[in-house]
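Chemist: Quick one: this structure, given as structure tokens, is what I'll be asking you about.
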4 protein chains.
Amino acid sequence: MPLDRRDFLTGSTLLAAASLTGIARAAPDDPVTFPPIDAPSEKPKGPPPQPRAPSSRKGYAVVGLGRIALEQVLPAFGESKDAKLVALVSGHADKANKIAAQHGVSPKAIYDYKNFDSIKDNPEIDAVYIALPNAMHAELTVRAAQAGKHVLCEKPMATSAADAQKMVDACAKANKKLMIAYRMQYEPMTSYAKKLVRDKALGMIKVIEGHNGQHLGSTLDQFRLKKGGGAMIDVGIYCLNTARFLLGEEPHWVQAAMYSTPNDKRWREVEETVVWSMGFPSGTIGNFSTTFGAHQGRRWRAYGDKGGWVGMDPAFSYNGLELRINQVRGKEEILEKPEIEQKQHFALELDHFAQCMASDKQPYTKGEEGVQDMKIIEAIFQSARDGKRVELPKITKLDAFRGSAPA
Amino acid sequence: MPLDRRDFLTGSTLLAAASLTGIARAAPDDPVTFPPIDAPSEKPKGPPPQPRAPSSRKGYAVVGLGRIALEQVLPAFGESKDAKLVALVSGHADKANKIAAQHGVSPKAIYDYKNFDSIKDNPEIDAVYIALPNAMHAELTVRAAQAGKHVLCEKPMATSAADAQKMVDACAKANKKLMIAYRMQYEPMTSYAKKLVRDKALGMIKVIEGHNGQHLGSTLDQFRLKKGGGAMIDVGIYCLNTARFLLGEEPHWVQAAMYSTPNDKRWREVEETVVWSMGFPSGTIGNFSTTFGAHQGRRWRAYGDKGGWVGMDPAFSYNGLELRINQVRGKEEILEKPEIEQKQHFALELDHFAQCMASDKQPYTKGEEGVQDMKIIEAIFQSARDGKRVELPKITKLDAFRGSAPA
Amino acid sequence: MPLDRRDFLTGSTLLAAASLTGIARAAPDDPVTFPPIDAPSEKPKGPPPQPRAPSSRKGYAVVGLGRIALEQVLPAFGESKDAKLVALVSGHADKANKIAAQHGVSPKAIYDYKNFDSIKDNPEIDAVYIALPNAMHAELTVRAAQAGKHVLCEKPMATSAADAQKMVDACAKANKKLMIAYRMQYEPMTSYAKKLVRDKALGMIKVIEGHNGQHLGSTLDQFRLKKGGGAMIDVGIYCLNTARFLLGEEPHWVQAAMYSTPNDKRWREVEETVVWSMGFPSGTIGNFSTTFGAHQGRRWRAYGDKGGWVGMDPAFSYNGLELRINQVRGKEEILEKPEIEQKQHFALELDHFAQCMASDKQPYTKGEEGVQDMKIIEAIFQSARDGKRVELPKITKLDAFRGSAPA
Amino acid sequence: MPLDRRDFLTGSTLLAAASLTGIARAAPDDPVTFPPIDAPSEKPKGPPPQPRAPSSRKGYAVVGLGRIALEQVLPAFGESKDAKLVALVSGHADKANKIAAQHGVSPKAIYDYKNFDSIKDNPEIDAVYIALPNAMHAELTVRAAQAGKHVLCEKPMATSAADAQKMVDACAKANKKLMIAYRMQYEPMTSYAKKLVRDKALGMIKVIEGHNGQHLGSTLDQFRLKKGGGAMIDVGIYCLNTARFLLGEEPHWVQAAMYSTPNDKRWREVEETVVWSMGFPSGTIGNFSTTFGAHQGRRWRAYGDKGGWVGMDPAFSYNGLELRINQVRGKEEILEKPEIEQKQHFALELDHFAQCMASDKQPYTKGEEGVQDMKIIEAIFQSARDGKRVELPKITKLDAFRGSAPA
């Protein structure tokens, strides 16, 4: 004999619901909600997740099945609300088949780089996610756009500003959207920090400094050690892009130095370490370092002129991020750690781009955002080569290269 | 003209792979691997995730669509490697339909509590996940077993030891597996701590103390404030179960006190605060508190007799857990924070139980594990009522009520 | 040729000072101050320290030259502003002479326990600091009072409530002040926490829990392992006294359990581990543990019913203390670490007691405060022996046993 | 009737001591010691402090009675073991008299800048501590040496390398010792880090980066905002000097940029912000920033090539320092916080210099160490002005400018 279920607490929006017929469509504008569990003095909880029905999600083809694809991008679909995996592209049929089986991708939706352009005939594919080595980004982005697909491309967007611009142009010509996968511009802690900075909660930021480093081994054929790789473009770019994101400004000068340990085979094609500083129009000075030659460390901190700083340590990592704010409150100096729930960064990106497709908006980190990083990086390399400061155009518009901010 | 892709670093197991035909079956014993990126002095990385193909995963019906189901259990399937969602059970058709659409569950696989027993006719359902209010666990577990399904049931297993035993008996009689969802016994940080304790890395644990509290609001019809709820059985159980898990031992006495603020309507059916101590056979003393009346706090710490302690703060939460070890190394006292990647707890449980079904093993936290907690909780209540120590049977076997440890 | 010194920034109170004659007397009511260095948005700095001239400080004789005297009390005079060391009392002339030389104490001001009572003839001695083993506190306190000296006595005040009361009575009869050295009631972080609790900044405290443990070796003749020692009275007392201090209330019931590892020689005279809970009149429940058998750990946390908790970890130590506050601010849950400068605890005590002597006030932790702890500890032992809750008188007055709060 | 005191545990070196006559001289080579309290698995404790008898300590005159003197240097004598305060030098008689009374300095031992040279007639003064504004260091150091006194001078040693060299020459000529007050080279945590770096416990340091900033207000006549002040020389010097200390190497190139907010009166004579990088002979790259225009922040981190980094945050402060080490241990990445007791930095300096006088050794941070910083700072300013890298002599000797390391 079943229990009386009148005491089973259910979704509040359903309390008045009488109709028991028909299948409700998953619609974020009619969310399931619950009455509060906790006392009003506790941190408020939002509604439960409202994933979009699979049939109305945007379909992605993942291009390239290296570490980042298998470890981050493919798992991200499981945490996404608006995206689904519908195709794979790989030069290795055996691997592609194995991965397709693991993820329930149809064998018919496996492509290689020869038949890649035939993705245009697969209406399930709305967009591609380019997870290839840096040097292949430009070509595949252009081909995808020409095949009529939107493109979400890993950072660094390309290995030169010229290639990056070609990608933007090709997508524009094909009337397709292009987004660069700058995770930090979607990640909740960095976004929280950005809001503090933009709201001038700590005053104006006078100095922002940081480091991003990783210690590469001597697997010499990995793309990070090949032309188009290197510490600056591959990991230093996080410092550069995050500083630009936090401030919303563009540097108008850079000054840099570079070092590679002599006779170390890893640095035959790429540099080991870069340090650089940047000046921003409002007067903020940035100072950063990046390396491929020392133990991993990822951090930044921005110092304001109204009694506080904000920083992350670790920053930039896939997980384990920590945000700290140090500020004067009354007569106290307080180090604060806000509790901010971590999200899978790639899922946030997949969803933002899916929403941009659905609502026909420019992604927040559109192609131009990536072009700008490439131009600055080229100036950094020039400064390091010449041992002299390099001037850049002074751009006064805020968020000059960004599209629509994520919700 | 495509790039030469010979420099595209790929899965090492594939380097010699010539066959481009046939579809590889997703098989964890033939994983995709990659050559190392980082220097050998860096923390080693494992292979990428190897999810099982959807067709060979175990199918679950989720029973009850409250907060825990929508916020934790349903999202967990996106992070699971061995489990899939195939059915929903709810007393609210409207909500069930909406959720089914969001998660791609067939409308035909939606059940309510009247037709629940017909799940026996759905071969896609291997197991049910009972995510109902405590007082409904027993009934639905028994009915699920009778319908020929394995059962993964939320903690607390039931609202009395007698009911808990009935659940074990019903599953045994039906030859079905029963697992209790003790997340902490699968979560990586708590497991890391358990290994330290079991290996006696800090010596023998002499004292373990902790707290688990949450501040409930006055939504009086929530099940936590109804008979069968209360701080001890709902959240205090984490302290109790984690202590038993860490030590592998069973308490042979308990002593407790209880307090509820007078004239507060929340405590008409359940208690507000319980404090209790426990003695374990090897001499460890446990000391814990739990409350529903104060700001959330979740922690424990175990002190060894060989120069160290280990603890978590926060412990027990769905995310944001932190592990600390304090120990003497040489002449130094060092506070250590190991970097341990967090996993979605419910996905770990779904996978463990799926693996138990696949390999016909008893789950680590099988039904008997839950019965034991219920017996101890009843002794705690008795001690609190009488103001006197209560003796329990002295059990000397380690892990007396656990099944096969997760891989 | 000397520099022009007009640009040498000096004390602002002196800017208008013309008189260059006469010797200013060190007077805290005419402090040296400086103009601010930092921007107004930075944490404000107070004036520099204003120590009292040596000739007007209160003179102390330190009684007992064990670890606590040499490591903490004697160095504290170097950081004190109102106290000075003028005499030593020890049963070991050789050690006393050595220490006297190190600290500039006259050989004539060295006493032993036979001639101790002749301190009455030394007008330099205003007070004694009793730093002896617990079992000797009562006798020396009584003799000091009879010799006309004020007494600052280490905790635990005595080894029984009866002895403690005798000490209070002897000092009252001799019209001398008696202070118990409860460091935590003077230490800035604990005091900061106390203010939060008393101001109800986190609401009402519903639960306070903590632990204080230390791992003693088998130097069996140390007083902590002798009758009158033991974990509860020697270190558990910190939990007990700090809870009473934070709340300002007195427990009206206790419930306890005790454990000592069998056949371990250390526990022949004293207990190893005690766990206990306490109920306070306003409804706060305390739950604590203490041990002499496991790695050092010292902590407490108090959970309020208005969105926050406050705690220390480490607590109770001579240095390295850390305070944390977790609270909801707006929609955020924030873990806060206020920057609070640490002070030498014993110097704070010496100065408070010196100020009490100078202004004829009762010290904040006067003798009665210590008597109350002894009564509660006796109830804890009784409860542990009987396995039953023990009731205590219900005292409703706040700070019932304290004197004048430190400035 | 006195207690039997046979059970009063005393100094072990005294157990066999029979002689009760004569006054032992305070001698660090015959220390008072105690038997261990704690279990052998606990962190070992050293002997209690062994201060030198006042009569055999070195006497200091403190020159300049600004904030640093009153807040740090004068209190340091209370925590010193080998130094004592015997004289004061100030241009403000009123303030000097007040401070002298507070600290028990004889009115006869108060000097001003006119009669300063008569300190040569005061045999109690062994050394002077120069706590004046930067621009006055050179003159007073030279005059002190000529008066036959050793000199402990605050950092920055002077406002130019030329002045700094004059100070070294004057002291050499007078056969007097000169020490620069680089606190970090004596402070225990920084020294712990230095040992790790020198022992290559984390491999070779490839990158070291840091920041030291403070937010000055608009008290425009403070010396930090006057010629000879500025962020680089006053606080940036900590980054520079600490990097040199940790590595033991000297930079052979620097590259810098500078920024001051236009129209802010604070930056009329000095700069607001400097960022600079440095190359060291073994290949380490340093990258640092300093400012007087943003919220205080003080930190550094050094990244090794064998699986670890070490850093401090806060670094450089008078107190509240924290050391962290992140390293791979086995298969784990562990963030470590060693428990290192903080010491009063100025007391450590006073004692080191006193020991150097007593044993006729060159202080660890002798004058040449300060000259080298001044040379590098001048190169940094030159680079910032020219926007170009500046080369410095390549010095291959380790610790090229340091004297005898502290014990």
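Residue numbering restarts at 1 for every chain of the structure tokens, chains are lettered A, B, ... in their displayed order, and ligands are numbered from 1 as they appear.
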Give me every alpha helix (DSSP H) residue in segment 181-367 of chain D, going by DSSP on the backbone, as a count of residues only.

Modeler: 39

Chemist: Select residues of chain A: the criterion is any atom within 10 Å of an atom of chain C, counting only C-alpha atoms; output as a compact mmCIF listing (two decimals) with all heavy atoms, in the first residue's frame.

Modeler:
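What follows is the written file out_34.txt:
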# COMPACT_ATOMS: atom_id res chain seq x y z
N ALA A 39 17.33 28.96 5.87
CA ALA A 39 16.91 30.21 6.49
C ALA A 39 17.27 31.39 5.58
O ALA A 39 18.23 31.30 4.82
CB ALA A 39 17.58 30.36 7.85
N PRO A 40 16.52 32.48 5.66
CA PRO A 40 16.78 33.63 4.77
C PRO A 40 18.16 34.25 4.98
O PRO A 40 18.65 34.94 4.10
CB PRO A 40 15.68 34.62 5.16
CG PRO A 40 14.72 33.90 6.03
CD PRO A 40 15.36 32.66 6.53
N SER A 41 18.77 33.99 6.13
CA SER A 41 20.11 34.56 6.37
C SER A 41 21.20 33.76 5.66
O SER A 41 22.35 34.18 5.63
CB SER A 41 20.41 34.61 7.87
OG SER A 41 20.27 33.33 8.44
N GLU A 42 20.85 32.62 5.10
CA GLU A 42 21.84 31.82 4.38
C GLU A 42 21.95 32.31 2.93
O GLU A 42 21.07 33.02 2.43
CB GLU A 42 21.47 30.33 4.40
CG GLU A 42 21.45 29.73 5.80
CD GLU A 42 22.84 29.63 6.42
OE1 GLU A 42 23.68 28.89 5.88
OE2 GLU A 42 23.10 30.33 7.42
N LYS A 43 23.03 31.92 2.28
CA LYS A 43 23.23 32.29 0.88
C LYS A 43 22.08 31.76 0.03
O LYS A 43 21.76 30.56 0.09
CB LYS A 43 24.55 31.67 0.39
CG LYS A 43 24.89 31.99 -1.05
CD LYS A 43 26.22 31.34 -1.44
CE LYS A 43 26.54 31.59 -2.91
NZ LYS A 43 27.84 31.00 -3.28
N PRO A 44 21.44 32.63 -0.74
CA PRO A 44 20.30 32.15 -1.53
C PRO A 44 20.73 31.19 -2.63
O PRO A 44 21.79 31.34 -3.22
CB PRO A 44 19.73 33.44 -2.13
CG PRO A 44 20.83 34.44 -2.06
CD PRO A 44 21.71 34.06 -0.92
N LYS A 45 19.88 30.20 -2.86
CA LYS A 45 20.15 29.22 -3.93
C LYS A 45 19.26 29.53 -5.12
O LYS A 45 18.08 29.83 -4.96
CB LYS A 45 19.81 27.81 -3.44
CG LYS A 45 20.93 27.17 -2.69
CD LYS A 45 20.55 25.72 -2.36
CE LYS A 45 21.52 25.15 -1.35
NZ LYS A 45 20.91 24.11 -0.53
N LEU A 202 37.43 48.61 -6.01
CA LEU A 202 38.71 48.79 -5.33
C LEU A 202 39.40 50.05 -5.84
O LEU A 202 40.59 50.23 -5.66
CB LEU A 202 39.60 47.56 -5.59
CG LEU A 202 38.93 46.21 -5.35
CD1 LEU A 202 39.82 45.08 -5.83
CD2 LEU A 202 38.59 46.01 -3.88
N GLY A 203 38.65 50.90 -6.46
CA GLY A 203 39.21 52.10 -7.08
C GLY A 203 39.71 51.78 -8.48
O GLY A 203 39.29 50.80 -9.10
N ASP A 305 43.40 51.66 -6.21
CA ASP A 305 43.82 52.83 -5.42
C ASP A 305 42.75 53.25 -4.39
O ASP A 305 42.79 54.37 -3.89
CB ASP A 305 44.23 53.99 -6.32
CG ASP A 305 43.08 54.58 -7.10
OD1 ASP A 305 41.95 54.09 -6.95
OD2 ASP A 305 43.30 55.54 -7.85
N LYS A 306 41.83 52.34 -4.10
CA LYS A 306 40.85 52.63 -3.04
C LYS A 306 40.80 51.50 -2.03
O LYS A 306 39.74 50.94 -1.73
CB LYS A 306 39.45 52.84 -3.64
CG LYS A 306 39.20 54.20 -4.26
CD LYS A 306 38.99 55.31 -3.24
CE LYS A 306 38.78 56.66 -3.90
NZ LYS A 306 39.96 57.07 -4.73
N GLY A 307 41.99 51.12 -1.57
CA GLY A 307 42.03 50.22 -0.43
C GLY A 307 41.80 48.75 -0.72
O GLY A 307 41.27 48.05 0.14
N GLY A 308 42.24 48.27 -1.87
CA GLY A 308 42.06 46.84 -2.08
C GLY A 308 42.79 46.28 -3.27
O GLY A 308 43.22 47.01 -4.16
N ARG A 324 40.87 35.68 -4.42
CA ARG A 324 41.04 36.37 -3.14
C ARG A 324 40.89 37.87 -3.37
O ARG A 324 41.34 38.40 -4.38
CB ARG A 324 42.43 36.14 -2.55
CG ARG A 324 42.70 34.75 -2.06
CD ARG A 324 41.94 34.42 -0.79
NE ARG A 324 42.34 33.12 -0.28
CZ ARG A 324 42.02 31.96 -0.84
NH1 ARG A 324 41.29 31.91 -1.93
NH2 ARG A 324 42.44 30.82 -0.30
N ILE A 325 40.27 38.50 -2.39
CA ILE A 325 40.15 39.95 -2.40
C ILE A 325 40.69 40.43 -1.07
O ILE A 325 40.34 39.89 -0.02
CB ILE A 325 38.68 40.38 -2.57
CG1 ILE A 325 38.14 39.82 -3.88
CG2 ILE A 325 38.56 41.90 -2.54
CD1 ILE A 325 36.64 39.69 -3.90
N ASN A 326 41.56 41.41 -1.13
CA ASN A 326 42.09 41.99 0.10
C ASN A 326 41.61 43.42 0.15
O ASN A 326 41.85 44.18 -0.80
CB ASN A 326 43.63 41.98 0.06
CG ASN A 326 44.23 42.10 1.44
OD1 ASN A 326 44.14 41.17 2.24
ND2 ASN A 326 44.83 43.23 1.74
N GLN A 327 40.89 43.76 1.20
CA GLN A 327 40.43 45.14 1.20
C GLN A 327 40.23 45.66 2.61
O GLN A 327 40.04 44.91 3.55
CB GLN A 327 39.16 45.30 0.37
CG GLN A 327 37.95 44.57 0.86
CD GLN A 327 36.77 44.80 -0.10
OE1 GLN A 327 36.52 45.91 -0.53
NE2 GLN A 327 36.06 43.75 -0.42
N VAL A 328 40.29 46.98 2.67
CA VAL A 328 40.03 47.66 3.93
C VAL A 328 38.52 47.80 4.07
O VAL A 328 37.84 48.29 3.17
CB VAL A 328 40.71 49.04 3.94
CG1 VAL A 328 40.41 49.78 5.23
CG2 VAL A 328 42.22 48.90 3.73
N ARG A 329 38.01 47.30 5.17
CA ARG A 329 36.58 47.48 5.52
C ARG A 329 36.56 48.18 6.86
O ARG A 329 36.95 47.59 7.86
CB ARG A 329 35.87 46.13 5.67
CG ARG A 329 35.51 45.42 4.39
CD ARG A 329 34.60 44.22 4.72
NE ARG A 329 34.37 43.36 3.57
CZ ARG A 329 33.33 43.46 2.74
NH1 ARG A 329 32.41 44.38 2.93
NH2 ARG A 329 33.20 42.62 1.73
N GLY A 330 36.11 49.39 6.89
CA GLY A 330 36.16 50.15 8.15
C GLY A 330 37.62 50.31 8.54
O GLY A 330 38.42 50.79 7.74
N LYS A 331 37.96 49.87 9.73
CA LYS A 331 39.35 49.99 10.16
C LYS A 331 40.10 48.68 10.01
O LYS A 331 41.20 48.52 10.53
CB LYS A 331 39.41 50.45 11.62
CG LYS A 331 38.84 51.84 11.81
CD LYS A 331 39.15 52.38 13.19
CE LYS A 331 38.76 53.85 13.26
NZ LYS A 331 39.12 54.45 14.54
N GLU A 332 39.50 47.72 9.32
CA GLU A 332 40.13 46.42 9.22
C GLU A 332 40.62 46.15 7.80
O GLU A 332 39.97 46.53 6.83
CB GLU A 332 39.13 45.31 9.60
CG GLU A 332 38.57 45.43 10.99
CD GLU A 332 39.62 45.29 12.06
OE1 GLU A 332 40.64 44.65 11.80
OE2 GLU A 332 39.41 45.83 13.16
N GLU A 333 41.72 45.46 7.75
CA GLU A 333 42.22 44.94 6.48
C GLU A 333 41.80 43.47 6.45
O GLU A 333 42.18 42.69 7.32
CB GLU A 333 43.75 45.06 6.44
CG GLU A 333 44.40 44.44 5.25
CD GLU A 333 44.80 45.47 4.20
OE1 GLU A 333 45.12 46.62 4.56
OE2 GLU A 333 44.79 45.11 3.02
N ILE A 334 41.01 43.10 5.44
CA ILE A 334 40.43 41.76 5.44
C ILE A 334 40.77 41.04 4.15
O ILE A 334 40.62 41.59 3.06
CB ILE A 334 38.91 41.82 5.65
CG1 ILE A 334 38.61 42.46 7.01
CG2 ILE A 334 38.28 40.43 5.56
CD1 ILE A 334 37.15 42.53 7.37
N LEU A 335 41.24 39.82 4.29
CA LEU A 335 41.48 38.96 3.14
C LEU A 335 40.25 38.11 2.94
O LEU A 335 39.86 37.37 3.84
CB LEU A 335 42.72 38.09 3.39
CG LEU A 335 43.12 37.15 2.25
CD1 LEU A 335 43.54 37.92 1.02
CD2 LEU A 335 44.25 36.24 2.71
N GLU A 336 39.64 38.21 1.79
CA GLU A 336 38.36 37.54 1.56
C GLU A 336 38.46 36.48 0.48
O GLU A 336 39.11 36.67 -0.55
CB GLU A 336 37.32 38.57 1.12
CG GLU A 336 37.07 39.65 2.14
CD GLU A 336 36.00 40.62 1.68
OE1 GLU A 336 35.65 40.60 0.48
OE2 GLU A 336 35.50 41.38 2.52
N LYS A 337 37.75 35.39 0.72
CA LYS A 337 37.63 34.33 -0.27
C LYS A 337 36.14 34.10 -0.51
O LYS A 337 35.49 33.43 0.30
CB LYS A 337 38.28 33.05 0.28
CG LYS A 337 38.17 31.86 -0.64
CD LYS A 337 38.71 30.61 0.04
CE LYS A 337 38.59 29.40 -0.86
NZ LYS A 337 39.04 28.17 -0.18
N PRO A 338 35.61 34.67 -1.57
CA PRO A 338 34.18 34.42 -1.84
C PRO A 338 33.99 32.98 -2.30
O PRO A 338 34.83 32.43 -3.03
CB PRO A 338 33.84 35.38 -2.98
CG PRO A 338 35.05 36.24 -3.19
CD PRO A 338 36.21 35.52 -2.60
N GLU A 339 32.90 32.38 -1.86
CA GLU A 339 32.59 31.02 -2.32
C GLU A 339 31.87 31.11 -3.65
O GLU A 339 30.74 31.59 -3.73
CB GLU A 339 31.69 30.36 -1.27
CG GLU A 339 31.30 28.95 -1.60
CD GLU A 339 30.15 28.47 -0.73
OE1 GLU A 339 30.39 28.13 0.42
OE2 GLU A 339 29.01 28.49 -1.22
N ILE A 340 32.55 30.73 -4.70
CA ILE A 340 31.96 30.80 -6.04
C ILE A 340 32.06 29.42 -6.66
O ILE A 340 33.15 28.86 -6.77
CB ILE A 340 32.73 31.82 -6.91
CG1 ILE A 340 32.61 33.21 -6.27
CG2 ILE A 340 32.21 31.82 -8.34
CD1 ILE A 340 33.43 34.26 -6.97

Chemist: Fewer than 6 positions away in the same chain doesn't count, so skip those; otherwise give me all residues within 12 Å of Tyr238 of chain C, counting only C-alpha atoms, as a list in words.

Modeler: Lys155, Pro156, Ala181, Tyr182, Arg183, Met184, Gln185, Thr190, Gly210, His211, Asn212, Gly213, Ala231, Met232, Arg244, Phe245, Leu246, Phe288, Ser289, Thr290, Arg298, Arg299, Trp300, Ala315, Phe316, Ser317, Gly370, Asp373 and Ile377 of chain C

Chemist: Would you compute the distance between atom CA of Asp30 of chain D and atom CA of Leu70 of chain C? Give it in Å to one decimal.

Modeler: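 Distance between the two atoms: 14.9 Å.
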
Chemist: Pick the closest to Tyr259 of chain A from A:Thr273, A:Pro36, A:Tyr60, A:Ala354: which is it, counting only C-alpha atoms?

Modeler: A:Thr273

Chemist: Which value, in Å to one decimal, gives the distance between atom CA of Ser160 of chain A and atom CA of Asp126 of chain A?

Modeler: 27.0 Å

Chemist: Got a sec to tell me which of segment 155-242 of chain D DSSP assigns to strand (DSSP E or B), as a list of chain:residue names?

Modeler: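 Secondary structure check on segment 155-242 of chain D, strand (DSSP E or B): D:Leu178, D:Met179, D:Ile180, D:Ala201, D:Gly203, D:Ile205, D:Lys206, D:Val207, D:Ile208, D:Glu209, D:Gly210, D:His211, D:Asn212, D:Gly213, D:Gln214, D:His215, D:Leu216.
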
Chemist: Next, write the just-selected residues to a file, as a PDB file, in the first residue's frame, keeping C-alpha atoms as the atom set.

Modeler:
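File written: result_33.pdb
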ATOM      1  CA  LEU D 178      78.986  49.058   8.335  1.00  0.00           C
ATOM      2  CA  MET D 179      75.807  47.008   8.033  1.00  0.00           C
ATOM      3  CA  ILE D 180      72.738  47.785   5.939  1.00  0.00           C
ATOM      4  CA  ALA D 201      65.569  21.544  -3.495  1.00  0.00           C
ATOM      5  CA  GLY D 203      65.872  22.499  -8.947  1.00  0.00           C
ATOM      6  CA  ILE D 205      65.127  28.715 -10.247  1.00  0.00           C
ATOM      7  CA  LYS D 206      64.128  29.740 -13.755  1.00  0.00           C
ATOM      8  CA  VAL D 207      61.796  32.607 -12.952  1.00  0.00           C
ATOM      9  CA  ILE D 208      61.356  34.769  -9.887  1.00  0.00           C
ATOM     10  CA  GLU D 209      58.647  37.375  -9.865  1.00  0.00           C
ATOM     11  CA  GLY D 210      57.222  39.693  -7.261  1.00  0.00           C
ATOM     12  CA  HIS D 211      55.661  42.955  -6.248  1.00  0.00           C
ATOM     13  CA  ASN D 212      56.048  45.415  -3.416  1.00  0.00           C
ATOM     14  CA  GLY D 213      53.670  48.309  -3.198  1.00  0.00           C
ATOM     15  CA  GLN D 214      52.244  50.727  -0.710  1.00  0.00           C
ATOM     16  CA  HIS D 215      49.715  53.493  -1.157  1.00  0.00           C
ATOM     17  CA  LEU D 216      51.074  56.823  -0.002  1.00  0.00           C
TER      18      LEU D 216
END

Chemist: When you look at segment 131-135 of chain B with a cut-off of 12 Å (counting only C-alpha atoms), what residues show up, excluding the ones that are within fewer than 3 positions of it in the same chain? I need them as a PyMOL selection string.

Modeler: (chain A and resi 2-10) or (chain B and resi 61-74+88-91+113+128+138-141+151-160+163-164+180-181+221-230+233-234+346)
